[in-house]
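**Q** One structure, as structure tokens, below. Some questions next.
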Amino acid sequence: MFWLKRRRRRRLKMTALPASTLEIIERNVPYARLLSKEDFDELGGHIQVFLAEKEFEGCGGLQITDEIRTTIAAQACLLLLHRPTDYYPMLRTILVYPSAYVAPMTESVGHGVVREGVSVRLGESWQHGSVILSWDDVLHGAADINDGHNVVLHEFAHQLDQEAGSAEGAPILPKRSMYVAWARVLSAEYARLQKDAKLGRGTILDKYGAVNPAEFFAVATECFFEKAPQLKEKHPELYKELRLFYRQDPASYS
């Protein structure tokens with residue numbers, strides 16, 4: 001029942017993280033050092049709930065450890081600060097490979113022709129049930145907090161997007177009145193990135209975001225947390241919409 005879940009979560013959030021978990025966060029998630037004490041304490045509560053409710057499964061011979069679970073959970077929960085949350089309600093299992101993995105793919109090449117093959121991936125987010133991650137890339141993405149590339153932030157942004165249905169770059173916003181500005185700004189910024197990518201112009205947003213609106217939102221999320229000052233300067237309207245959605249202002253972190 002919902003009230004039992006709420007009570008259990010409240011109890012978990014009041015439980016301090018053990019020293020071993022704090023050591024892992026300190027070592028593997030340097031972004032957490034930017035947070036105020038209040039935000040870090042909130043993050044710790046979210047981590048406790050996340051670890052209690054989500055399953056982790058090793059793939060490709062990887063054995064799941066507390067280090068893997070904590071490193072992923074800490075980054076996923078950064079997206080939940082200051083916001084009412086049901087902790088990625090459609091997510092049950094995080095599948096973790098040792099490194100980049102190969103997955104089947106199909107793509108339309110026109111005229112009703114579909115090409116099948118394989119692609120090398122760092123992560124995936126499925127709408128019902130799972131997130132898939134490469135452990136090597138989880139560590140690499142977390143280590144540099146200024147490069148704008150973080151596979152955990154990327155795939156869990158997809159999870160937020162998918163809470164509204166199919167991923168299309170329009171997550172559930174705090175207020176209905178926010179959707180008009182969100183659609184206007186993100187559509188314009190997506191079109192701008194597509195044009196930049198086509199013309200080969202430099203941009204602080206990863207050009208992978210030009211693939212579709214869902215990837216744009218995920219890429220913009222990575223940039224918002226890891227290149228906040230540059231994003232705020234170069235794309236102030238986009239930064240504002242993401243700040244209102246995430247209820248955080250990472251450009252102000254010192």
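Numbering starts fresh at 1 for the residues of each chain in the structure tokens, the chains themselves are lettered A, B, ... in the order given, and ligands are numbered from 1 as they appear.
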Hey, what's within 12 Å of A:Lys5 if we count only C-alpha atoms and toss same-chain stuff fewer than 3 positions away? As a list in words, please?
**A** Met1, Phe2, Arg8, Arg9, Arg10, Arg11, Leu12, Val49, Ala52, Glu53, Asp86 and Tyr87 of chain A
**Q** With C-alpha atoms retained, write the just-selected residues as a PDB file, in the first residue's frame.
**A**
ATOM      1  CA  MET A   1       0.000   0.000   0.000  1.00  0.00           C
ATOM      2  CA  PHE A   2       1.112   3.544  -0.705  1.00  0.00           C
ATOM      3  CA  ARG A   8       9.314   2.946   4.679  1.00  0.00           C
ATOM      4  CA  ARG A   9      10.850   5.619   2.494  1.00  0.00           C
ATOM      5  CA  ARG A  10      10.680   8.176   5.273  1.00  0.00           C
ATOM      6  CA  ARG A  11      12.502   5.778   7.576  1.00  0.00           C
ATOM      7  CA  LEU A  12      15.171   5.040   4.967  1.00  0.00           C
ATOM      8  CA  VAL A  49      15.648   4.592  -0.927  1.00  0.00           C
ATOM      9  CA  ALA A  52      16.506  -0.453  -1.170  1.00  0.00           C
ATOM     10  CA  GLU A  53      14.047  -0.468  -4.058  1.00  0.00           C
ATOM     11  CA  ASP A  86       8.516   8.425  -6.868  1.00  0.00           C
ATOM     12  CA  TYR A  87      12.063   7.226  -7.537  1.00  0.00           C
TER      13      TYR A  87
END
**Q** Quick one: everything within 10 Å of A:Gln230, counting only C-alpha atoms, minus sequence neighbours fewer than 6 positions away in the same chain. Send it as a PyMOL selection string.
**A** chain A and resi 204-205+223-224+236+239+251
**Q** Kindly save the residues from that selection, with N, CA and C atoms included, as a JSON list (two decimals), in the first residue's frame.
**A**
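Listed below is the output, again-v4.json:
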[["chain", "number", "residue", "atom", "x", "y", "z"],
["A", 204, "ILE", "N", 28.55, 23.55, -27.32],
["A", 204, "ILE", "CA", 28.83, 22.91, -26.04],
["A", 204, "ILE", "C", 27.92, 21.71, -25.80],
["A", 205, "LEU", "N", 26.80, 21.65, -26.51],
["A", 205, "LEU", "CA", 25.90, 20.50, -26.43],
["A", 205, "LEU", "C", 26.41, 19.40, -27.35],
["A", 223, "CYS", "N", 24.70, 18.37, -19.96],
["A", 223, "CYS", "CA", 25.35, 19.67, -20.07],
["A", 223, "CYS", "C", 24.93, 20.59, -18.92],
["A", 224, "PHE", "N", 23.67, 20.53, -18.52],
["A", 224, "PHE", "CA", 23.16, 21.35, -17.43],
["A", 224, "PHE", "C", 23.93, 21.09, -16.14],
["A", 236, "PRO", "N", 20.88, 30.66, -22.50],
["A", 236, "PRO", "CA", 20.23, 31.08, -21.24],
["A", 236, "PRO", "C", 18.79, 30.60, -21.10],
["A", 239, "TYR", "N", 18.88, 26.90, -20.29],
["A", 239, "TYR", "CA", 19.31, 26.74, -18.90],
["A", 239, "TYR", "C", 18.17, 27.05, -17.93],
["A", 251, "ALA", "N", 25.03, 26.26, -11.99],
["A", 251, "ALA", "CA", 25.95, 27.33, -12.37],
["A", 251, "ALA", "C", 26.39, 28.14, -11.15]]
**Q** Kindly give the distance, in Å, that separates atom CA of A:Ala183 and atom CA of A:Ala170, rounded to a single decimal.
**A**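 Answer for the atom CA of A:Ala183 to atom CA of A:Ala170 separation: 7.8 Å.
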**Q** Give me, as an NGL selection string, all polymer residues having an atom no more than 10 Å from A:Ser166, counting only C-alpha atoms and skipping those fewer than 5 positions away in the same chain.
**A** :A and (126-127 or 158-159 or 161 or 171 or 214)
**Q** Could you write out that same residue set with N, CA and C atoms as an mmCIF file, in the first residue's frame?
**A**
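out_34.cif was written with the following content:
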data_model
loop_
_atom_site.group_PDB
_atom_site.id
_atom_site.type_symbol
_atom_site.label_atom_id
_atom_site.label_comp_id
_atom_site.auth_asym_id
_atom_site.auth_seq_id
_atom_site.Cartn_x
_atom_site.Cartn_y
_atom_site.Cartn_z
ATOM 1 N N TRP A 126 15.161 1.645 -20.942
ATOM 2 C CA TRP A 126 13.929 1.044 -21.430
ATOM 3 C C TRP A 126 12.762 1.630 -20.651
ATOM 4 N N GLN A 127 11.671 1.870 -21.346
ATOM 5 C CA GLN A 127 10.529 2.528 -20.710
ATOM 6 C C GLN A 127 9.946 1.694 -19.579
ATOM 7 N N HIS A 158 16.449 10.006 -19.488
ATOM 8 C CA HIS A 158 15.482 9.270 -20.308
ATOM 9 C C HIS A 158 14.380 8.666 -19.431
ATOM 10 N N GLN A 159 14.762 8.124 -18.270
ATOM 11 C CA GLN A 159 13.746 7.559 -17.376
ATOM 12 C C GLN A 159 12.733 8.624 -16.961
ATOM 13 N N ASP A 161 11.946 11.281 -18.645
ATOM 14 C CA ASP A 161 11.181 11.560 -19.856
ATOM 15 C C ASP A 161 10.126 10.482 -20.085
ATOM 16 N N PRO A 171 9.309 15.635 -20.324
ATOM 17 C CA PRO A 171 8.997 14.977 -19.054
ATOM 18 C C PRO A 171 7.820 15.645 -18.356
ATOM 19 N N ALA A 214 14.153 13.316 -27.676
ATOM 20 C CA ALA A 214 14.463 12.589 -26.446
ATOM 21 C C ALA A 214 15.958 12.641 -26.148
#
**Q** To one decimal in Å, tell me the separation between atom CA of A:Ser134 and atom CA of A:Ala167.
**A** 21.3 Å
**Q** Write out as a ChimeraX atom specification the residues lying within 10 Å of A:Asn150, counting only C-alpha atoms and excluding same-chain residues fewer than 2 positions away.
**A** /A:75,137-148,152-155,218-219,221-223,225-226
**Q** Could you write those residues out with C-alpha atoms, as a CSV table (one decimal), in the first residue's frame?
**A**
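Contents of the output file selection16.csv:
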chain,number,residue,atom,x,y,z
A,75,GLN,CA,24.4,9.9,-9.8
A,137,ASP,CA,31.7,4.4,-18.7
A,138,VAL,CA,29.9,5.0,-15.5
A,139,LEU,CA,33.3,5.6,-13.8
A,140,HIS,CA,34.7,7.6,-16.7
A,141,GLY,CA,31.6,9.8,-16.8
A,142,ALA,CA,31.6,10.5,-13.1
A,143,ALA,CA,35.3,11.2,-12.9
A,144,ASP,CA,35.3,14.4,-15.0
A,145,ILE,CA,32.5,16.7,-13.8
A,146,ASN,CA,33.1,19.3,-16.4
A,147,ASP,CA,33.2,17.4,-19.7
A,148,GLY,CA,29.4,17.3,-20.3
A,152,VAL,CA,24.1,7.8,-15.8
A,153,LEU,CA,22.7,11.3,-16.0
A,154,HIS,CA,21.9,10.7,-19.6
A,155,GLU,CA,20.0,7.4,-19.2
A,218,ALA,CA,19.2,13.8,-22.2
A,219,VAL,CA,22.2,15.5,-23.7
A,221,THR,CA,20.7,17.3,-18.9
A,222,GLU,CA,24.3,16.2,-19.0
A,223,CYS,CA,25.3,19.7,-20.1
A,225,PHE,CA,24.9,19.5,-14.6
A,226,GLU,CA,28.4,19.3,-16.0
**Q** Using only C-alpha atoms, which residue out of A:Phe56, A:Tyr208, A:Phe156, A:Trp135 lies closest to A:Tyr88?
**A** A:Phe156
**Q** As a compact mmCIF listing (two decimals) with C-alpha atoms, in the first residue's frame, which residues of stretch 71-168 of chain A does DSSP assign to alpha helix (DSSP H)?
**A**
# COMPACT_ATOMS: atom_id res chain seq x y z
CA THR A 71 28.26 4.95 -7.68
CA ILE A 72 25.26 4.55 -9.96
CA ALA A 73 22.67 5.39 -7.30
CA ALA A 74 24.44 8.59 -6.24
CA GLN A 75 24.44 9.95 -9.79
CA ALA A 76 20.89 8.86 -10.58
CA CYS A 77 19.65 10.56 -7.42
CA LEU A 78 21.28 13.88 -8.30
CA TRP A 135 30.56 0.19 -15.70
CA ASP A 136 33.74 1.52 -17.30
CA ASP A 137 31.75 4.41 -18.74
CA VAL A 138 29.91 5.02 -15.47
CA LEU A 139 33.28 5.56 -13.80
CA HIS A 140 34.66 7.62 -16.66
CA GLY A 141 31.57 9.84 -16.84
CA ALA A 142 31.59 10.48 -13.11
CA ALA A 143 35.32 11.21 -12.88
CA VAL A 151 26.07 8.10 -19.04
CA VAL A 152 24.13 7.79 -15.77
CA LEU A 153 22.70 11.30 -15.98
CA HIS A 154 21.89 10.67 -19.63
CA GLU A 155 20.03 7.39 -19.18
CA PHE A 156 18.18 8.48 -16.06
CA ALA A 157 17.08 11.67 -17.82
CA HIS A 158 15.48 9.27 -20.31
CA GLN A 159 13.75 7.56 -17.38
CA LEU A 160 12.27 10.90 -16.28
CA ASP A 161 11.18 11.56 -19.86
CA GLN A 162 9.59 8.10 -20.11
**Q** For atom CA of A:Pro84 and atom CA of A:Gln248, quote the distance in Å rounded to one decimal.
**A**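 Those two atoms sit 13.2 Å apart.
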**Q** Residues of stretch 1-242 of chain A in strand (DSSP E or B) according to DSSP, as a PyMOL selection string?
**A** chain A and resi 55-58+91-97+101-110+113-121+123-125+129-134
**Q** Measuring between only C-alpha atoms, which one of A:Ser125, A:Ser130, A:Gln63, A:Ser187 shows the shortest distance to A:Ile94?
**A** A:Ser130
**Q** Counting only C-alpha atoms, which of A:Gln48, A:Arg33, A:Leu4, A:Thr65 gets nearest to A:Tyr253?
**A**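 The answer is A:Arg33, which sits nearest to A:Tyr253.
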**Q** Measuring atom to atom with only C-alpha atoms, identify which of A:Gly209, A:Gly202, A:Pro18, A:Gly58 is nearest to A:Leu133.
**A**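 Smallest separation from A:Leu133 among the options: A:Gly58.
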**Q** Considering only C-alpha atoms, can you say which of A:Thr93, A:Ser252, A:Thr203, A:Ser99 comes closest to A:Glu189?
**A**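 Comparing A:Thr93, A:Ser252, A:Thr203, A:Ser99 against A:Glu189, the winner is A:Thr203.
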